[in-house]
Every structure is written in structure tokens, then in C-alpha cells.
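Okay, my_file-v4.tsv now, which holds TSV, C-alpha atoms:
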```
chain	number	residue	atom	x	y	z
A	1	MET	CA	-69.81	55.52	-61.50
A	2	LYS	CA	-72.72	53.13	-61.60
A	3	THR	CA	-71.18	51.47	-64.54
A	4	ILE	CA	-67.86	51.15	-62.76
A	5	GLY	CA	-69.63	50.04	-59.61
A	6	ARG	CA	-71.57	47.49	-61.62
A	7	LEU	CA	-68.45	46.17	-63.25
A	8	SER	CA	-66.70	46.00	-59.91
A	9	ALA	CA	-69.59	44.05	-58.45
A	10	ILE	CA	-69.55	41.64	-61.39
A	11	ALA	CA	-65.80	41.19	-60.99
A	12	ALA	CA	-66.13	40.59	-57.27
A	13	LEU	CA	-68.90	38.04	-57.84
A	14	ALA	CA	-66.82	36.26	-60.47
A	15	SER	CA	-63.85	36.15	-58.11
A	16	LEU	CA	-65.99	34.77	-55.31
A	17	SER	CA	-67.54	32.15	-57.59
A	18	GLY	CA	-64.08	31.06	-58.73
A	19	SER	CA	-62.99	30.70	-55.14
A	20	LEU	CA	-66.05	28.64	-54.31
A	21	ILE	CA	-65.52	26.33	-57.31
A	22	SER	CA	-61.85	25.79	-56.43
A	23	ALA	CA	-62.68	25.01	-52.79
A	24	SER	CA	-65.39	22.58	-53.89
A	25	ALA	CA	-63.03	20.86	-56.31
A	26	LEU	CA	-60.37	20.52	-53.62
A	27	ALA	CA	-62.90	19.09	-51.19
A	28	GLN	CA	-64.07	16.51	-53.72
A	29	ALA	CA	-60.63	15.42	-54.99
A	30	PRO	CA	-58.55	13.40	-52.43
A	31	GLN	CA	-55.03	14.70	-52.36
A	32	ALA	CA	-53.31	12.99	-49.43
A	33	ILE	CA	-50.64	10.32	-49.78
A	34	ILE	CA	-50.04	7.98	-46.84
A	35	THR	CA	-47.08	5.72	-46.28
A	36	TRP	CA	-47.23	2.32	-44.65
A	37	GLY	CA	-43.77	1.38	-43.40
A	38	PRO	CA	-42.03	-0.75	-40.77
A	39	GLU	CA	-42.19	2.00	-38.16
A	40	GLY	CA	-45.99	1.65	-37.97
A	41	SER	CA	-46.14	-2.13	-38.29
A	42	PRO	CA	-48.11	-4.17	-37.42
A	43	TYR	CA	-51.20	-2.46	-38.87
A	44	VAL	CA	-54.31	-3.85	-37.17
A	45	LEU	CA	-57.34	-3.37	-39.39
A	46	SER	CA	-60.24	-5.22	-40.95
A	47	SER	CA	-60.59	-2.74	-43.81
A	48	TYR	CA	-59.25	0.56	-45.12
A	49	ASP	CA	-61.07	2.77	-47.62
A	50	CYS	CA	-59.04	5.69	-48.97
A	51	SER	CA	-62.14	7.57	-50.11
A	52	LYS	CA	-63.32	7.79	-46.50
A	53	ASN	CA	-59.96	9.16	-45.36
A	54	ASN	CA	-59.28	11.78	-48.08
A	55	VAL	CA	-56.38	9.66	-49.39
A	56	ALA	CA	-55.42	9.26	-53.04
A	57	LEU	CA	-52.46	6.87	-52.81
A	58	ILE	CA	-51.03	4.32	-50.39
A	59	LEU	CA	-47.24	3.97	-50.59
A	60	VAL	CA	-45.87	0.72	-49.13
A	61	GLN	CA	-42.22	0.95	-48.09
A	62	GLY	CA	-40.22	-1.84	-46.46
A	63	GLN	CA	-41.74	-4.91	-44.85
A	64	ILE	CA	-45.01	-4.47	-43.00
A	65	GLU	CA	-47.45	-6.79	-41.30
A	66	LEU	CA	-51.23	-6.55	-41.58
A	67	ARG	CA	-53.34	-8.10	-38.82
A	68	HIS	CA	-57.06	-8.59	-38.66
A	69	PRO	CA	-58.40	-7.71	-35.18
A	70	ALA	CA	-60.70	-10.74	-35.11
A	71	ASP	CA	-58.04	-13.25	-36.15
A	72	SER	CA	-56.69	-15.95	-33.84
A	73	ASP	CA	-54.67	-19.15	-34.05
A	74	THR	CA	-57.82	-21.15	-33.31
A	75	ALA	CA	-59.93	-19.60	-36.08
A	76	SER	CA	-61.13	-22.29	-38.50
A	77	SER	CA	-60.69	-19.99	-41.52
A	78	PRO	CA	-58.87	-16.69	-41.97
A	79	PRO	CA	-60.82	-13.43	-41.82
A	80	GLU	CA	-60.35	-11.05	-44.74
A	81	ILE	CA	-58.65	-7.65	-44.73
A	82	SER	CA	-60.06	-5.34	-47.41
A	83	ILE	CA	-58.08	-2.36	-48.80
A	84	ARG	CA	-59.58	0.05	-51.34
A	85	CYS	CA	-57.80	3.04	-52.82
A	86	ASP	CA	-57.37	4.95	-56.05
A	87	LYS	CA	-53.71	3.99	-56.34
A	88	LEU	CA	-51.23	1.74	-54.56
A	89	GLN	CA	-47.48	2.03	-55.04
A	90	PHE	CA	-44.89	-0.43	-53.74
A	91	SER	CA	-41.22	0.43	-53.26
A	92	LYS	CA	-38.55	-2.03	-54.37
A	93	ASP	CA	-37.91	-3.28	-50.82
A	94	SER	CA	-41.58	-3.52	-49.88
A	95	LYS	CA	-43.38	-6.60	-48.66
A	96	ILE	CA	-46.78	-7.22	-47.07
A	97	VAL	CA	-46.93	-10.16	-44.64
A	98	THR	CA	-50.24	-11.31	-43.22
A	99	LYS	CA	-52.00	-14.34	-41.75
A	100	ALA	CA	-55.36	-13.07	-42.97
A	101	ALA	CA	-56.96	-13.38	-46.37
A	102	LEU	CA	-56.24	-10.20	-48.33
A	103	PHE	CA	-58.36	-8.23	-50.82
A	104	ILE	CA	-56.84	-5.16	-52.53
A	105	ARG	CA	-58.70	-2.97	-55.04
A	106	ALA	CA	-56.99	-0.03	-56.76
A	107	GLU	CA	-59.47	1.92	-58.90
A	108	THR	CA	-56.77	3.47	-61.11
A	109	SER	CA	-53.48	1.61	-60.76
A	110	ILE	CA	-51.03	-0.57	-58.87
A	111	SER	CA	-47.35	0.07	-59.48
A	112	GLY	CA	-43.88	-0.98	-58.32
A	113	TYR	CA	-42.61	-4.21	-56.81
A	114	VAL	CA	-45.61	-5.93	-55.25
A	115	THR	CA	-44.64	-8.70	-52.82
A	116	ILE	CA	-47.30	-10.33	-50.67
A	117	GLU	CA	-46.74	-13.33	-48.39
A	118	THR	CA	-49.41	-15.05	-46.33
A	119	THR	CA	-48.20	-16.94	-43.29
A	120	ARG	CA	-51.55	-18.54	-42.51
A	121	ALA	CA	-50.49	-22.10	-43.19
A	122	THR	CA	-48.75	-24.02	-40.43
A	123	LYS	CA	-47.15	-27.45	-40.22
A	124	GLY	CA	-49.39	-30.14	-38.84
A	125	ALA	CA	-48.58	-31.41	-35.36
A	126	ASP	CA	-46.61	-34.63	-35.09
A	127	GLY	CA	-48.42	-37.71	-33.87
A	128	VAL	CA	-49.11	-37.87	-30.13
A	129	ILE	CA	-48.64	-41.21	-28.39
A	130	ASP	CA	-48.56	-42.74	-24.93
A	131	PRO	CA	-44.84	-43.38	-24.27
A	132	ARG	CA	-45.75	-46.65	-22.57
A	133	ILE	CA	-46.14	-48.28	-26.01
A	134	TYR	CA	-42.33	-48.47	-26.05
A	135	ASP	CA	-42.06	-50.33	-22.72
A	136	THR	CA	-40.63	-53.85	-22.71
A	137	ILE	CA	-43.33	-56.30	-21.66
A	138	ILE	CA	-42.76	-60.06	-21.44
A	139	ALA	CA	-45.58	-62.51	-22.03
A	140	PRO	CA	-46.27	-65.13	-19.32
A	141	ASP	CA	-43.89	-68.07	-19.07
A	142	GLY	CA	-44.98	-71.64	-19.62
A	143	GLY	CA	-45.76	-73.73	-16.54
A	144	ASN	CA	-43.19	-76.21	-15.25
A	145	GLY	CA	-43.77	-79.91	-15.84
A	146	SER	CA	-44.81	-82.17	-12.96
A	147	ASN	CA	-42.24	-84.47	-11.39
A	148	GLY	CA	-42.53	-88.20	-12.05
A	149	GLY	CA	-43.55	-90.49	-9.21
A	150	LYS	CA	-41.18	-93.09	-7.70
A	151	GLY	CA	-41.53	-96.62	-9.09
A	152	ARG	CA	-43.03	-99.31	-6.90
A	153	ASN	CA	-40.49	-101.35	-4.91
A	154	ALA	CA	-40.12	-105.10	-5.43
A	155	GLU	CA	-42.00	-107.25	-2.91
A	156	THR	CA	-41.92	-110.98	-2.04
A	157	ASP	CA	-43.90	-111.88	1.07
A	158	PRO	CA	-47.34	-113.04	2.08
A	159	LYS	CA	-48.77	-109.82	0.68
A	160	GLY	CA	-47.67	-110.76	-2.81
A	161	ASP	CA	-44.80	-111.20	-5.15
A	162	TRP	CA	-43.95	-108.52	-7.71
A	163	GLY	CA	-40.95	-106.93	-9.24
A	164	SER	CA	-39.97	-103.28	-8.93
A	165	ASP	CA	-41.40	-100.69	-11.33
A	166	ARG	CA	-39.61	-98.08	-13.35
A	167	GLY	CA	-39.86	-94.49	-12.11
A	168	GLU	CA	-42.44	-92.28	-13.84
A	169	ASN	CA	-41.24	-89.79	-16.46
A	170	GLY	CA	-41.29	-86.13	-15.59
A	171	GLY	CA	-43.97	-84.01	-17.28
A	172	ALA	CA	-43.04	-81.68	-20.15
A	173	GLY	CA	-42.77	-77.97	-19.46
A	174	GLY	CA	-45.48	-75.75	-20.95
A	175	ARG	CA	-44.81	-73.56	-23.98
A	176	GLY	CA	-44.17	-69.90	-23.28
A	177	THR	CA	-46.93	-67.48	-24.32
A	178	ASP	CA	-46.38	-65.72	-27.64
A	179	GLY	CA	-45.82	-61.98	-27.50
A	180	ILE	CA	-48.50	-59.75	-29.02
A	181	VAL	CA	-48.07	-57.11	-31.67
A	182	GLY	CA	-46.90	-53.68	-30.54
A	183	ALA	CA	-49.36	-50.79	-30.62
A	184	ASP	CA	-49.86	-48.78	-33.80
A	185	ALA	CA	-48.41	-45.31	-33.56
A	186	ALA	CA	-50.35	-42.08	-34.01
A	187	ALA	CA	-50.48	-40.37	-37.38
A	188	GLY	CA	-49.24	-36.83	-37.99
A	189	ARG	CA	-51.86	-34.07	-38.29
A	190	ARG	CA	-52.81	-32.31	-41.50
A	191	GLY	CA	-51.10	-29.05	-42.37
A	192	THR	CA	-53.34	-25.98	-42.54
A	193	ASN	CA	-54.34	-24.23	-45.77
A	194	GLY	CA	-52.90	-21.06	-47.20
A	195	ALA	CA	-55.02	-17.88	-47.25
A	196	THR	CA	-56.73	-16.33	-50.27
A	197	VAL	CA	-55.20	-13.25	-51.94
A	198	THR	CA	-57.01	-11.06	-54.50
A	199	LEU	CA	-55.59	-8.07	-56.42
A	200	LYS	CA	-57.81	-5.85	-58.56
A	201	ALA	CA	-56.57	-2.78	-60.43
A	202	GLY	CA	-57.61	-0.52	-63.29
A	203	THR	CA	-54.11	-1.08	-64.68
A	204	TYR	CA	-50.70	-2.26	-63.58
A	205	ASP	CA	-48.24	0.49	-64.45
A	206	GLY	CA	-45.29	-0.29	-66.69
A	207	GLY	CA	-42.53	-2.31	-65.01
A	208	THR	CA	-44.81	-3.57	-62.22
A	209	VAL	CA	-43.69	-6.93	-60.85
A	210	VAL	CA	-46.05	-9.01	-58.69
A	211	THR	CA	-44.97	-11.87	-56.40
A	212	ILE	CA	-47.59	-13.56	-54.23
A	213	SER	CA	-46.86	-16.49	-51.91
A	214	SER	CA	-49.56	-18.49	-50.09
A	215	PRO	CA	-48.41	-22.12	-49.69
A	216	GLY	CA	-50.11	-24.85	-47.69
A	217	GLY	CA	-48.55	-26.17	-44.48
A	218	ASP	CA	-46.62	-29.43	-44.43
A	219	GLY	CA	-48.15	-32.49	-42.79
A	220	GLY	CA	-46.96	-33.65	-39.38
A	221	THR	CA	-44.66	-36.64	-38.84
A	222	GLY	CA	-46.04	-40.03	-37.84
A	223	LYS	CA	-44.60	-41.64	-34.72
A	224	ARG	CA	-42.62	-44.89	-34.41
A	225	GLY	CA	-44.66	-48.03	-33.87
A	226	GLY	CA	-44.87	-49.64	-30.45
A	227	GLN	CA	-42.50	-52.28	-29.08
A	228	GLY	CA	-43.57	-55.86	-29.77
A	229	ARG	CA	-44.16	-57.89	-26.62
A	230	PHE	CA	-41.45	-60.43	-25.78
A	231	GLY	CA	-42.33	-64.12	-25.84
A	232	GLY	CA	-42.54	-65.94	-22.50
A	233	LYS	CA	-40.00	-68.55	-21.44
A	234	GLY	CA	-40.79	-72.22	-21.79
A	235	GLY	CA	-41.51	-74.09	-18.57
A	236	ASN	CA	-38.90	-76.45	-17.14
A	237	GLY	CA	-39.41	-80.16	-17.55
A	238	GLY	CA	-40.34	-82.18	-14.46
A	239	ALA	CA	-37.84	-84.52	-12.79
A	240	GLY	CA	-38.07	-88.23	-13.54
A	241	GLY	CA	-39.20	-90.41	-10.64
A	242	ASP	CA	-36.74	-92.76	-8.97
A	243	GLY	CA	-36.94	-96.43	-9.90
A	244	GLY	CA	-38.37	-99.01	-7.54
A	245	ASN	CA	-35.98	-100.77	-5.16
A	246	ALA	CA	-34.88	-104.40	-5.48
A	247	ASN	CA	-35.51	-107.19	-2.97
A	248	GLU	CA	-34.03	-110.65	-2.49
A	249	VAL	CA	-35.87	-111.96	-5.54
A	250	HIS	CA	-36.38	-109.04	-7.88
A	251	SER	CA	-34.03	-106.48	-9.34
A	252	ALA	CA	-34.17	-102.72	-8.89
A	253	SER	CA	-35.74	-100.68	-11.77
A	254	SER	CA	-34.39	-97.66	-13.62
A	255	GLY	CA	-35.46	-94.13	-12.86
A	256	GLY	CA	-37.94	-92.26	-15.08
A	257	ASP	CA	-36.86	-89.84	-17.83
A	258	GLY	CA	-36.82	-86.16	-17.11
A	259	GLY	CA	-39.56	-84.16	-18.85
A	260	ASN	CA	-38.71	-82.04	-21.88
A	261	GLY	CA	-38.45	-78.30	-21.37
A	262	GLY	CA	-41.22	-76.23	-22.95
A	263	ASP	CA	-40.56	-74.16	-26.07
A	264	GLY	CA	-40.22	-70.43	-25.63
A	265	GLY	CA	-43.01	-68.25	-26.95
A	266	ASN	CA	-42.46	-66.27	-30.18
A	267	GLY	CA	-41.88	-62.55	-29.92
A	268	GLY	CA	-44.62	-60.19	-31.09
A	269	ASN	CA	-44.38	-58.07	-34.21
A	270	GLY	CA	-43.41	-54.46	-33.85
A	271	GLY	CA	-46.30	-52.02	-34.10
A	272	ARG	CA	-47.12	-50.15	-37.31
A	273	GLY	CA	-45.59	-46.72	-37.70
A	274	GLY	CA	-47.96	-43.77	-37.78
A	275	ASP	CA	-48.96	-42.26	-41.13
A	276	GLY	CA	-47.58	-38.92	-42.11
A	277	GLY	CA	-50.12	-36.09	-42.04
A	278	ASP	CA	-51.47	-34.71	-45.32
A	279	GLY	CA	-50.21	-31.36	-46.50
A	280	GLY	CA	-52.49	-28.34	-46.40
A	281	ASP	CA	-53.89	-26.80	-49.60
A	282	GLY	CA	-52.28	-23.76	-51.14
A	283	GLY	CA	-54.22	-20.51	-50.95
A	284	ASP	CA	-56.20	-19.33	-53.99
A	285	ILE	CA	-54.74	-16.28	-55.76
A	286	SER	CA	-56.50	-13.91	-58.18
A	287	MET	CA	-54.91	-11.03	-60.11
A	288	LEU	CA	-57.50	-9.07	-62.08
A	289	LEU	CA	-57.92	-6.00	-64.29
A	290	ILE	CA	-60.94	-3.77	-63.70
A	291	VAL	CA	-62.39	-2.91	-67.13
A	292	LYS	CA	-64.80	0.01	-67.13
A	293	ASP	CA	-64.38	0.77	-70.84
A	294	PRO	CA	-63.96	-2.39	-72.96
A	295	SER	CA	-62.22	-0.33	-75.66
A	296	LYS	CA	-59.53	0.77	-73.17
A	297	PRO	CA	-58.52	-2.14	-70.96
A	298	GLY	CA	-55.59	-1.63	-68.61
A	299	ASN	CA	-52.23	-3.38	-68.76
A	300	PRO	CA	-51.17	-6.53	-66.92
A	301	PRO	CA	-47.99	-6.54	-64.78
A	302	ALA	CA	-44.67	-6.83	-66.58
A	303	ASP	CA	-44.00	-10.06	-64.66
A	304	TRP	CA	-45.63	-12.10	-61.93
A	305	THR	CA	-44.98	-15.16	-59.78
A	306	MET	CA	-47.62	-17.13	-57.91
A	307	ALA	CA	-46.32	-19.52	-55.23
A	308	ASN	CA	-49.27	-21.40	-53.78
A	309	GLU	CA	-48.17	-25.01	-53.77
A	310	GLY	CA	-49.84	-27.45	-51.42
A	311	GLY	CA	-47.91	-28.48	-48.34
A	312	ARG	CA	-45.78	-31.59	-48.44
A	313	GLY	CA	-47.09	-34.79	-46.93
A	314	GLY	CA	-45.59	-35.64	-43.53
A	315	GLU	CA	-42.97	-38.33	-43.05
A	316	PRO	CA	-44.33	-41.67	-41.82
A	317	GLY	CA	-43.22	-43.23	-38.57
A	318	ILE	CA	-40.96	-46.29	-38.73
A	319	GLY	CA	-42.22	-49.68	-37.58
A	320	GLY	CA	-41.79	-50.63	-33.95
A	321	ALA	CA	-39.05	-52.95	-32.69
A	322	PRO	CA	-39.98	-56.65	-32.59
A	323	GLY	CA	-40.26	-58.58	-29.36
A	324	ALA	CA	-37.60	-61.20	-28.63
A	325	GLY	CA	-38.56	-64.85	-28.46
A	326	GLY	CA	-38.71	-66.50	-25.01
A	327	GLY	CA	-35.98	-68.94	-23.97
A	328	GLY	CA	-36.73	-72.67	-23.96
A	329	GLY	CA	-37.31	-74.37	-20.63
A	330	ASN	CA	-34.67	-76.65	-19.14
A	331	GLY	CA	-35.13	-80.39	-19.45
A	332	GLY	CA	-36.02	-82.20	-16.24
A	333	VAL	CA	-33.38	-84.34	-14.47
A	334	ALA	CA	-33.65	-88.10	-14.80
A	335	GLY	CA	-34.83	-90.19	-11.88
A	336	CYS	CA	-32.28	-92.34	-10.07
A	337	GLY	CA	-32.50	-96.10	-10.39
A	338	GLY	CA	-33.93	-98.04	-7.48
A	339	ALA	CA	-31.67	-99.30	-4.71
A	340	GLY	CA	-30.28	-102.84	-4.79
A	341	LYS	CA	-30.85	-105.37	-1.98
A	342	ASN	CA	-28.12	-106.32	0.54
A	343	TRP	CA	-28.60	-108.93	3.25
A	344	GLY	CA	-25.71	-109.08	5.59
A	345	PRO	CA	-22.54	-110.06	3.75
A	346	VAL	CA	-24.64	-111.45	0.92
A	347	GLN	CA	-25.51	-109.13	-1.96
A	348	TRP	CA	-28.80	-109.73	-3.74
A	349	ASN	CA	-29.91	-108.39	-7.10
A	350	GLY	CA	-27.54	-105.64	-7.98
A	351	ALA	CA	-25.49	-105.76	-4.85
A	352	GLY	CA	-26.91	-102.40	-3.89
A	353	SER	CA	-26.34	-100.73	-7.29
A	354	CYS	CA	-28.90	-98.26	-8.62
A	355	GLY	CA	-31.01	-98.88	-11.64
A	356	GLY	CA	-30.12	-96.94	-14.86
A	357	ALA	CA	-30.75	-93.20	-14.82
A	358	GLY	CA	-33.62	-91.84	-16.86
A	359	THR	CA	-32.92	-89.63	-19.93
A	360	PRO	CA	-32.77	-85.88	-19.20
A	361	GLY	CA	-35.50	-83.85	-20.84
A	362	HIS	CA	-34.64	-81.71	-23.90
A	363	THR	CA	-34.31	-77.98	-23.58
A	364	GLY	CA	-37.23	-76.19	-25.20
A	365	ARG	CA	-36.79	-74.26	-28.47
A	366	ASP	CA	-36.25	-70.53	-28.19
A	367	GLY	CA	-39.13	-68.49	-29.55
A	368	GLN	CA	-38.59	-66.56	-32.81
A	369	PRO	CA	-38.36	-62.78	-32.68
A	370	GLY	CA	-41.23	-60.98	-34.31
A	371	PRO	CA	-40.66	-58.91	-37.47
A	372	ALA	CA	-40.27	-55.18	-37.26
A	373	GLY	CA	-43.44	-53.15	-37.66
A	374	ILE	CA	-44.18	-51.75	-41.12
A	375	TYR	CA	-43.73	-48.11	-41.96
A	376	GLY	CA	-46.67	-45.76	-41.88
A	377	ARG	CA	-48.03	-44.21	-45.08
A	378	ASP	CA	-46.54	-41.02	-46.46
A	379	GLY	CA	-48.88	-38.08	-46.09
A	380	HIS	CA	-50.48	-36.81	-49.30
A	381	ALA	CA	-49.33	-33.47	-50.61
A	382	GLY	CA	-51.84	-30.67	-50.30
A	383	ARG	CA	-53.69	-29.35	-53.35
A	384	LYS	CA	-52.08	-26.50	-55.23
A	385	GLY	CA	-54.21	-23.40	-54.82
A	386	THR	CA	-55.95	-22.03	-57.89
A	387	TRP	CA	-54.68	-18.84	-59.45
A	388	VAL	CA	-56.57	-16.63	-61.84
A	389	TRP	CA	-55.38	-13.90	-64.18
A	390	GLY	CA	-58.14	-12.13	-66.07
A	391	TYR	CA	-60.52	-9.21	-66.51
A	392	VAL	CA	-63.48	-8.00	-64.48
A	393	ASP	CA	-66.02	-6.24	-66.71
A	394	GLU	CA	-67.44	-3.29	-64.78
A	395	SER	CA	-68.70	-1.37	-67.80
A	396	LYS	CA	-72.22	-1.83	-66.48
A	397	GLY	CA	-71.46	-1.27	-62.86
A	398	ALA	CA	-68.86	-1.95	-60.18
A	399	THR	CA	-68.39	-5.29	-58.50
A	400	LYS	CA	-66.63	-5.93	-55.23
```

Mind converting the file's structure to C-alpha cells?
Amino acid sequence: MKTIGRLSAIAALASLSGSLISASALAQAPQAIITWGPEGSPYVLSSYDCSKNNVALILVQGQIELRHPADSDTASSPPEISIRCDKLQFSKDSKIVTKAALFIRAETSISGYVTIETTRATKGADGVIDPRIYDTIIAPDGGNGSNGGKGRNAETDPKGDWGSDRGENGGAGGRGTDGIVGADAAAGRRGTNGATVTLKAGTYDGGTVVTISSPGGDGGTGKRGGQGRFGGKGGNGGAGGDGGNANEVHSASSGGDGGNGGDGGNGGNGGRGGDGGDGGDGGDISMLLIVKDPSKPGNPPADWTMANEGGRGGEPGIGGAPGAGGGGGNGGVAGCGGAGKNWGPVQWNGAGSCGGAGTPGHTGRDGQPGPAGIYGRDGHAGRKGTWVWGYVDESKGATK
């Protein structure tokens, strides 16, 4: 009986020990599988560690969005979301979209159709201008010429004896003011940079395909240059003065010439178009194998595509419209000849006829239109992000 009792006790102890070992092993070995799918999207997290959540594998199905809680549109650089798990598996229709930088570490493996797209980069804003640079503004006109004075009349009397004088010429009109160059337009803003993406895995299972996209944003468009100012009109020529009148001894004189009209001012050049904004840089991409035993490195993916081109430079603004030249001023009218002298039925010196008319002034030359403004500069394309494929030696200890 003692022997049987002893054997029974030993058996019971062995059974209890086995139960304790199994429970301990279950507690230490994560068994759960979680699925991230569209129904739970967006997932707001700064990090996720499977080992702290008793999870062995993350299965990504369909398109999901990951958001960092501290991210914002005004952040100067993207915060990073960190995901650590033993295994990650991606279904064929899966896709991770995020504005944050992304770090994924799979201790054992990554498998399936891995598609990651960062939407951090945005197009630069177009140039901002004051709309008044397109207003039509005319430069000041030239001043009008002064009128010529009347010629002195003939005189024969005790005061003296002199003939009549010709009328004074009218003064020339002033030249119109030249238009000034239109305002330069504002340049487009720089596109923003793509976010960094890093994948680390012990191995990439057979047939795994990786596609990562993190392009830079395109540059903004430059605005059209400002309107060139119009040239001012030329001033009108002054009127010629009337000729002096005749008397019984002296003839009447001719009127003065009208003044020439002033030339119109030249139109101003159109303003320079704004430069296109530079494109943003593509995000840096790293795809790495974790090597804990140099004699047994894991396998790379079957295929991969890295799309992290820099953003395109923005289109430049066209040159502004030129200002029109001002019209020439009108020539001044000629002065009338002086009056002849009549004395009763007797006609003296011209029988009352006028002296010859002065010559009308010439019309001023129209100003020349200014040339159109030159185009702005094309924005420079952003730098292509770096991408790295390689090994991380952790045989002497883990890295990040």
C-alpha cells in the first residue's frame, strides 16, 4: 500500500509538474493573431509592440490608414510610427497609407504583398500676389505748349515809325512720361518632402512582393507678371500768335507757326513672371534583413519597387502684358496774319487782307509699347530619396 501510495504520489506530482510547465510555456509564447482592416481604420498610434500585447502576428487586410496622434499639417517634419512584431503578413489587396514616417520590424518574417504609401508630401502653394499689379495705370501726360504772342502792329506817328512784326510761334508740347515696368510676380512655393519608410525583417518569405511609395510634392506655380504702365500722351502744341497789323505805310505781318505736339511716352515693359517653386525631396526608404546568425541569413523579397522620386518643379508664370505707348500731342494752330489798313474808300497795304498763316505744329510721335515681361524660371525638381537594401548584423546584439 505504501508502495502504491508512493507511486501514486509520484504520478500526481509528475502530472502537476507537467501542467505547470505547459501553463508556463503558454504564458511565455504569444499566440494571438490580430487583423488590421478597413473596418478599424484609421488606426491612431505612435507605436505598437506585439510582445506587450501577447500577439504573434499582425495580418493586414485591405487598405488601412495609420495616423500618429501628434501629427499635424503644420508640423515641420513627420513624426514616426513604430511597429514591432514577430511576424507581419499582408493580403493581396492590402495597403498601408500614412502621412507619418513609418518603422516596421518583424523579428521572424514579413510575407505577402506589402504595399506602403506615404502621403506626407504636398504640392507647394502657388504664388500669392496683390491683384492690383494687373491694373491699367497711365503715366502723366506731357504739358501743353504755350501760345505765341501777337506780333507788334505797324506804327507811323510822332511816337516812331516801325513796321509790323510777325506773330510768335507757339511752344512745343511736352513729351509724355514713359511708363514703368510692371511688378514682378510672386514665385510658387516649394513642395514638401516625402516621409521616411524603414522595413526590417528576419526574412521575407517566398513570393513576398514589396512596393513602397514616398514621392516629394510638386512645386507651386509662379504667377503672371504685372501689367506694364502705359506711356503718357504728348502735350499739345501752343497756338501761333497773330501777326502785327498794317498801317498806312507798313504792311501787315504773318502769324506765328503753331507749336509741335509732344511725343507720346513709351509704354513700360511687362513685369517678370514668378518662378516656379522647387519640388520637394522624395522620402528615404530602407529595406533590411536582420541577421542574427551570419551563417543563416534570411531571404530578400521576390520583387520590390521603390517610388521615391523628387517632386516636379513648378511651372513659371508668364511675363506681364506691356504698357501701350502714349499718343502724340496735336500740333498747335497757326496764328492769323495781321489785319490790313483801310482808310475810307482808299485801301492801304494789303487792302485789309491778313498776313500769311503760320505753319501748324506737327503731331507728336506715338510712344512705343513696352515688350512683354519675361517668363519666370522653372522650379527645380526635388531630390530623389535614397533607398537602401542590405543586411543589419545583430549577431552581437539587437539594434533598433

Shell around Gly262 of chain A at 8 Å using only C-alpha atoms, local window under 5 positions removed, as a list in words: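 Answer for this query is Gly142, Asn144, Ala172, Gly173, Gly174, Arg175, Gly176, Lys233, Gly234, Gly235, Asn236, Gly237, Gly328, Gly329, Asn330, Thr363, Gly364 and Arg365 of chain A.
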
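One finds atom CA of His68 of chain A at 27.7 Å from atom CA of Pro301 of chain A.
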
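For Ser286 of chain A, the non-local neighbours within 8 Å, defined as residues at least 2 positions apart in the same chain or in other chains and counting all atoms listed in the file, are Val197, Thr198, Leu199, Asp284, Leu288, Trp387, Val388 and Trp389 of chain A.
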
Contacts of segment 123-126 of chain A at 12 Å (all atoms listed in the file; same-chain gap of 3+ positions) as a count of residues only: 41

Among listed residues A:Lys95, A:Arg152, A:Lys200, A:Arg132, nearest Ser109 of chain A (using only C-alpha atoms): A:Lys200

Distance criterion (only C-alpha atoms): nearest to Ala70 of chain A out of A:Cys336, A:Leu57, A:Leu45, A:Cys85: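 Nearest to Ala70 of chain A: A:Leu45.
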
Atomic distance atom CA of Gly241 of chain A - atom CA of Asn169 of chain A, expressed in Å with one decimal: 6.2 Å

Closest atom pairs, residues of segment 168-263 of chain A within 6 Å of segment 269-273 of chain A, all atoms listed in the file, as CSV:
```
residue,atom,partner,partner_atom,distance
A:Val181,CA,A:Asn269,CA,4.6
A:Gly182,CA,A:Gly271,CA,4.0
A:Ala183,CA,A:Gly271,CA,4.8
A:Asp184,CA,A:Arg272,CA,4.7
A:Ala185,CA,A:Gly273,CA,5.2
A:Lys223,CA,A:Gly273,CA,6.0
A:Arg224,CA,A:Gly273,CA,4.8
A:Gly225,CA,A:Gly273,CA,4.2
A:Gly226,CA,A:Gly271,CA,4.6
A:Gln227,CA,A:Gly270,CA,5.3
A:Gly228,CA,A:Gly270,CA,4.3
```

Could you save those same residues with C-alpha atoms as a PDB file, in the coordinates of the input?
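Output file result16.pdb follows:
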```pdb
ATOM      1  CA  VAL A 181     -48.070 -57.110 -31.670  1.00  0.00           C
ATOM      2  CA  GLY A 182     -46.900 -53.680 -30.540  1.00  0.00           C
ATOM      3  CA  ALA A 183     -49.360 -50.790 -30.620  1.00  0.00           C
ATOM      4  CA  ASP A 184     -49.860 -48.780 -33.800  1.00  0.00           C
ATOM      5  CA  ALA A 185     -48.410 -45.310 -33.560  1.00  0.00           C
ATOM      6  CA  LYS A 223     -44.600 -41.640 -34.720  1.00  0.00           C
ATOM      7  CA  ARG A 224     -42.620 -44.890 -34.410  1.00  0.00           C
ATOM      8  CA  GLY A 225     -44.660 -48.030 -33.870  1.00  0.00           C
ATOM      9  CA  GLY A 226     -44.870 -49.640 -30.450  1.00  0.00           C
ATOM     10  CA  GLN A 227     -42.500 -52.280 -29.080  1.00  0.00           C
ATOM     11  CA  GLY A 228     -43.570 -55.860 -29.770  1.00  0.00           C
TER      12      GLY A 228
END
```

Nearby residues (only C-alpha atoms) at most 7 Å from Lys292 of chain A, same-chain spacing under 2 positions excluded, as number ranges by chain: A: 290, 294, 393-395

Pick from A:Asp257, A:Asp73, A:Glu65, A:Glu80, whichever lies nearest to Ala195 of chain A using all atoms listed in the file: A:Glu80

If we draw a sphere of 7 Å around (-41.9, -53.5, -23.8), which residues have at least one atom in it when counting all atoms listed in the file? Please report them as a CSV table (one decimal) with C-alpha atoms, in the frame of the given file.
```csv
chain,number,residue,atom,x,y,z
A,134,TYR,CA,-42.3,-48.5,-26.0
A,135,ASP,CA,-42.1,-50.3,-22.7
A,136,THR,CA,-40.6,-53.8,-22.7
A,137,ILE,CA,-43.3,-56.3,-21.7
A,227,GLN,CA,-42.5,-52.3,-29.1
A,228,GLY,CA,-43.6,-55.9,-29.8
A,229,ARG,CA,-44.2,-57.9,-26.6
```

One-decimal distance in Å that lies between atom CA of Gly282 of chain A and atom CA of Glu309 of chain A: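 Going from atom CA of Glu309 of chain A over to atom CA of Gly282 of chain A, I get 5.0 Å.
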
Proximity to Ala106 of chain A - best of A:Pro131, A:Asp157, A:Ile83, A:Ile138, all atoms listed in the file: A:Ile83

Test item: residues at most 12 Å from segment 32-44 of chain A, all atoms listed in the file, excluding those fewer than 3 positions along its chain, as a PyMOL selection string: chain A and resi 26-27+29+47-48+50-71+81-82+85-91+93-100
